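Input: a single structure, listed below in structure tokens.
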Protein chains: 2
Amino acid sequence: MTTTQLTQHYSQQFDADLNQIRNQVAQMGALVEEQLQHALIALQSSTPAQAKEVIANDYKVNAYDVDIDEQCTRILALRHPTASDLRLVLAVIKTTADLERIGDEAKRIARMAAHINARYTGSNLNNRIEHLGRQVGTMLHRTLQAFMQLDIAEAIAVAREDDRVDREYEGLMRESMTYMMEDPRAIPKLMDIIWSARSLERIGDRCCNICEYVLYFVKGKDVRHISLEKIQQTFAG
Amino acid sequence: MTTTQLTQHYSQQFDADLNQIRNQVAQMGALVEEQLQHALIALQSSTPAQAKEVIANDYKVNAYDVDIDEQCTRILALRHPTASDLRLVLAVIKTTADLERIGDEAKRIARMAAHINARYTGSNLNNRIEHLGRQVGTMLHRTLQAFMQLDIAEAIAVAREDDRVDREYEGLMRESMTYMMEDPRAIPKLMDIIWSARSLERIGDRCCNICEYVLYFVKGKDVRHISLEKIQQTFAG
């Protein structure tokens, strides 16, 4: 091989490595999405068996996390990526950390679902948590798509969605407290619902984090701790 | 300069860069510790002014996070660290992310402190949350020391401490629920105490994360998702 051929070969191999890592993030994302969906179904239908399955499967999410992290470290050590390649590797490291913790929240929701032997009936709360779950599930799905397609318009749109999730969460919280005051015996059950809602709200936050990494990777700009208005101004046009 | 002198100069400069980053992590850690202490004092003494100061100062923690992250990226791009130097840079990136979120939890506690206009008296809860706060504050302090001194025995000891924090948190939670059932009018105030306790429990978890990065850096082994017993066996002697 000539030097040019060697360089070309090397660069193709590098691209293949980076693509493989992105595919693995997609697989990990799909698994985390599934975990969240199953946890929500278990919560709604009060099926402890399904809840236990989610808890048992969390190790698979963790395995992806460690595996992708190791691959990223190897790429950094051997290939010395710079510019956008380096940003991709760093964005992947941070994204998998957040995905892993979204998996933890799904596990927490499943634990609550295993607790709650009967749904808290006689209130609007079940509808509200179902609605919040759908909102957050959609947010996670769109986040993963924005990551895979490097779609910054979508990433910004998803981050905007988080305000609605927060408002829904606040409403649910206030309503839960009224039920607690009306029927103190239901407090332990209502606390389980509150913890599940809190986990969903946190998943929304983590989706926002991932959207920020997408912006960082595509635009080379760290947008954490910057308001959405400023981000949109910066990236407009 | 000869080539040897150049290499030596280059390597000294690199060491200086890495040291500077570690010092900045120490400064960031000291700031986060202070934020937590002030938030806890505000919570105990019901001084909204101090609570507001903690909230206002959170931007400083975020600034450290972005700044240290940028320096790490620059080092990765320009110096291509390998082996333990690479592990140090990656451990720093992850540690600052956790420190930033410990700062967020301190801000959340401060928000609760600004809420609670009067302490929830007539119960043991104030003592309990004070005790939990002290436990977690000590855990954070020891975590930062383990990080700076690369002390893996201390890192493992701190991670062990988290079990005690979790037990204390569970006890506090159960006691809060009894008070809620006894006196439903106190529910909103008790919920503020519960959220503060939850934040403290999360800070304990994040201290554990940082301790795991210390082990990863010193031993080159990713110990996340591995039980403490196994970690101790692996690193014994």
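By convention in this document, the chains of the structure tokens carry letters A, B, ... by their order, each chain's residues are numbered from 1, and ligands are numbered from 1 in the order they are shown.
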Report as JSON lines: every residue of chain B with an atom at most 10 Å from chain A, its closest pair of atoms, and their distance in Å to one decimal, counting only C-alpha atoms, with rows sorted by chain and ascending residue number.
```
{"residue": "B:Tyr59", "atom": "CA", "partner": "A:His225", "partner_atom": "CA", "distance": 8.1}
{"residue": "B:Asn62", "atom": "CA", "partner": "A:His225", "partner_atom": "CA", "distance": 6.8}
{"residue": "B:Ala63", "atom": "CA", "partner": "A:His225", "partner_atom": "CA", "distance": 8.6}
{"residue": "B:Asp65", "atom": "CA", "partner": "A:Arg224", "partner_atom": "CA", "distance": 9.5}
{"residue": "B:Val66", "atom": "CA", "partner": "A:Asp222", "partner_atom": "CA", "distance": 7.5}
{"residue": "B:Asp69", "atom": "CA", "partner": "A:Asp222", "partner_atom": "CA", "distance": 9.3}
{"residue": "B:Glu70", "atom": "CA", "partner": "A:Asp222", "partner_atom": "CA", "distance": 8.7}
{"residue": "B:Thr73", "atom": "CA", "partner": "A:Leu86", "partner_atom": "CA", "distance": 8.1}
{"residue": "B:Arg74", "atom": "CA", "partner": "A:Thr82", "partner_atom": "CA", "distance": 9.3}
{"residue": "B:Leu76", "atom": "CA", "partner": "A:His80", "partner_atom": "CA", "distance": 7.5}
{"residue": "B:Ala77", "atom": "CA", "partner": "A:Thr82", "partner_atom": "CA", "distance": 5.1}
{"residue": "B:Leu78", "atom": "CA", "partner": "A:Thr82", "partner_atom": "CA", "distance": 8.0}
{"residue": "B:Arg79", "atom": "CA", "partner": "A:His80", "partner_atom": "CA", "distance": 8.7}
{"residue": "B:His80", "atom": "CA", "partner": "A:His80", "partner_atom": "CA", "distance": 5.5}
{"residue": "B:Pro81", "atom": "CA", "partner": "A:Ala77", "partner_atom": "CA", "distance": 6.9}
{"residue": "B:Thr82", "atom": "CA", "partner": "A:Ala77", "partner_atom": "CA", "distance": 5.1}
{"residue": "B:Ala83", "atom": "CA", "partner": "A:Ala77", "partner_atom": "CA", "distance": 7.3}
{"residue": "B:Asp85", "atom": "CA", "partner": "A:Ala77", "partner_atom": "CA", "distance": 9.9}
{"residue": "B:Leu86", "atom": "CA", "partner": "A:Ala77", "partner_atom": "CA", "distance": 7.2}
{"residue": "B:Arg87", "atom": "CA", "partner": "A:Thr73", "partner_atom": "CA", "distance": 8.3}
{"residue": "B:Leu90", "atom": "CA", "partner": "A:Thr73", "partner_atom": "CA", "distance": 8.4}
{"residue": "B:Ile93", "atom": "CA", "partner": "A:Lys94", "partner_atom": "CA", "distance": 9.3}
{"residue": "B:Lys94", "atom": "CA", "partner": "A:Lys94", "partner_atom": "CA", "distance": 8.3}
{"residue": "B:Ala97", "atom": "CA", "partner": "A:Lys94", "partner_atom": "CA", "distance": 9.2}
{"residue": "B:Arg174", "atom": "CA", "partner": "A:Pro188", "partner_atom": "CA", "distance": 9.2}
{"residue": "B:Met177", "atom": "CA", "partner": "A:Ile187", "partner_atom": "CA", "distance": 7.1}
{"residue": "B:Thr178", "atom": "CA", "partner": "A:Ile187", "partner_atom": "CA", "distance": 9.1}
{"residue": "B:Met180", "atom": "CA", "partner": "A:Pro184", "partner_atom": "CA", "distance": 7.1}
{"residue": "B:Met181", "atom": "CA", "partner": "A:Pro184", "partner_atom": "CA", "distance": 4.9}
{"residue": "B:Glu182", "atom": "CA", "partner": "A:Pro184", "partner_atom": "CA", "distance": 7.9}
{"residue": "B:Asp183", "atom": "CA", "partner": "A:Pro184", "partner_atom": "CA", "distance": 8.6}
{"residue": "B:Pro184", "atom": "CA", "partner": "A:Met181", "partner_atom": "CA", "distance": 4.9}
{"residue": "B:Arg185", "atom": "CA", "partner": "A:Met181", "partner_atom": "CA", "distance": 6.6}
{"residue": "B:Ala186", "atom": "CA", "partner": "A:Met181", "partner_atom": "CA", "distance": 8.8}
{"residue": "B:Ile187", "atom": "CA", "partner": "A:Met181", "partner_atom": "CA", "distance": 7.1}
{"residue": "B:Pro188", "atom": "CA", "partner": "A:Met177", "partner_atom": "CA", "distance": 7.2}
{"residue": "B:Met191", "atom": "CA", "partner": "A:Met177", "partner_atom": "CA", "distance": 8.8}
{"residue": "B:Asp222", "atom": "CA", "partner": "A:Val66", "partner_atom": "CA", "distance": 7.4}
{"residue": "B:Val223", "atom": "CA", "partner": "A:Val66", "partner_atom": "CA", "distance": 9.2}
{"residue": "B:Arg224", "atom": "CA", "partner": "A:Val66", "partner_atom": "CA", "distance": 7.8}
{"residue": "B:His225", "atom": "CA", "partner": "A:Asn62", "partner_atom": "CA", "distance": 6.8}
```
Got a sec: who's within 10 Å of Arg202 of chain A, counting only C-alpha atoms, leaving out chain neighbours fewer than 3 positions off, as a ChimeraX atom specification?
-> /A:101-102,105,136,165-166,196-199,205-208
Please provide as a PyMOL selection string all residues within 7 Å of segment 132-134 of chain B, with the sequence filter that same-chain residues fewer than 2 positions apart are discarded (counting only C-alpha atoms).
-> chain B and resi 40+128-130+136-138+165+168+200
Just the selected residues (C-alpha atoms), exported as a CSV table (one decimal), in the first residue's frame, please.
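Below you can see result.csv, which holds the result:
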```csv
chain,number,residue,atom,x,y,z
B,40,LEU,CA,-28.3,23.5,55.2
B,128,ARG,CA,-33.1,14.1,61.7
B,129,ILE,CA,-32.6,16.3,58.7
B,130,GLU,CA,-29.8,18.1,60.5
B,136,VAL,CA,-23.9,14.0,53.7
B,137,GLY,CA,-21.7,17.1,54.2
B,138,THR,CA,-19.0,14.9,55.7
B,165,VAL,CA,-27.1,7.7,54.5
B,168,GLU,CA,-31.1,7.5,57.6
B,200,LEU,CA,-29.3,15.0,50.4
```
Check the smallest atom-to-atom distance from each of B:Leu172, B:Leu215, B:Met28, B:Leu99 to Glu154 of chain B using only C-alpha atoms, then report the winner.
->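 With only C-alpha atoms as the atom set, the closest residue is B:Leu215.
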B:Ser45, B:Asn124, B:Glu100, B:Leu228 ranked by distance to Asp163 of chain B, top pick (using only C-alpha atoms) =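 Looking only at the distances to Asp163 of chain B, the closest residue turns out to be B:Leu228.
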Find the residues around Arg108 of chain B up to 9 Å (only C-alpha atoms counted), leave out those fewer than 2 positions away in its own chain, and share them as a count of residues only.
-> 13
Skipping near chain neighbours, those fewer than 4 positions away, what residues fall within 12 Å of Ala153 of chain A using only C-alpha atoms, listed as a PyMOL selection string?
-> chain A and resi 142-143+145-147+149+157-160+211-212+214-215+218-219+231-232+235-237
Find the spatial neighbours of Ala114 of chain A, counting only C-alpha atoms, within a cut-off of 8 Å - ignore same-chain residues fewer than 5 positions away - and output them as a PyMOL selection string.
-> chain A and resi 42-43+46-49+51-52
Give me a file of those residues, with N, CA and C atoms, as a PDB file, in the first residue's frame.
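Result file follows (selection07.pdb):
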```pdb
ATOM      1  N   ALA A  42     -46.437  -1.161  33.590  1.00  0.00           N
ATOM      2  CA  ALA A  42     -46.551  -1.835  34.888  1.00  0.00           C
ATOM      3  C   ALA A  42     -47.221  -0.923  35.906  1.00  0.00           C
ATOM      4  N   LEU A  43     -46.882   0.354  35.852  1.00  0.00           N
ATOM      5  CA  LEU A  43     -47.453   1.324  36.792  1.00  0.00           C
ATOM      6  C   LEU A  43     -48.948   1.486  36.548  1.00  0.00           C
ATOM      7  N   SER A  46     -50.728  -2.137  37.120  1.00  0.00           N
ATOM      8  CA  SER A  46     -50.427  -2.846  38.369  1.00  0.00           C
ATOM      9  C   SER A  46     -50.073  -4.307  38.129  1.00  0.00           C
ATOM     10  N   THR A  47     -49.070  -4.540  37.301  1.00  0.00           N
ATOM     11  CA  THR A  47     -48.608  -5.905  37.083  1.00  0.00           C
ATOM     12  C   THR A  47     -47.190  -6.043  37.639  1.00  0.00           C
ATOM     13  N   PRO A  48     -47.097  -6.533  38.887  1.00  0.00           N
ATOM     14  CA  PRO A  48     -45.786  -6.644  39.533  1.00  0.00           C
ATOM     15  C   PRO A  48     -44.785  -7.477  38.718  1.00  0.00           C
ATOM     16  N   ALA A  49     -45.284  -8.488  37.966  1.00  0.00           N
ATOM     17  CA  ALA A  49     -44.366  -9.336  37.196  1.00  0.00           C
ATOM     18  C   ALA A  49     -43.610  -8.503  36.164  1.00  0.00           C
ATOM     19  N   ALA A  51     -43.140  -5.287  36.282  1.00  0.00           N
ATOM     20  CA  ALA A  51     -42.267  -4.363  37.009  1.00  0.00           C
ATOM     21  C   ALA A  51     -40.957  -5.055  37.368  1.00  0.00           C
ATOM     22  N   LYS A  52     -41.067  -6.305  37.820  1.00  0.00           N
ATOM     23  CA  LYS A  52     -39.853  -7.038  38.214  1.00  0.00           C
ATOM     24  C   LYS A  52     -38.938  -7.288  37.023  1.00  0.00           C
TER      25      LYS A  52
END
```
May I ask which of the residues B:Val92, B:Ile156, B:Gln37, B:Val32 is the closest one to Glu229 of chain B, counting only C-alpha atoms?
-> B:Ile156
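Here atom CA of Gln35 of chain B is placed at a distance of 15.2 Å from atom CA of Gly204 of chain B.
Remark: for Leu140 of chain A, the closest of the candidate residues A:Gly29, A:Asp58, A:Leu6, A:Tyr169 is A:Gly29 (distances computed over only C-alpha atoms).
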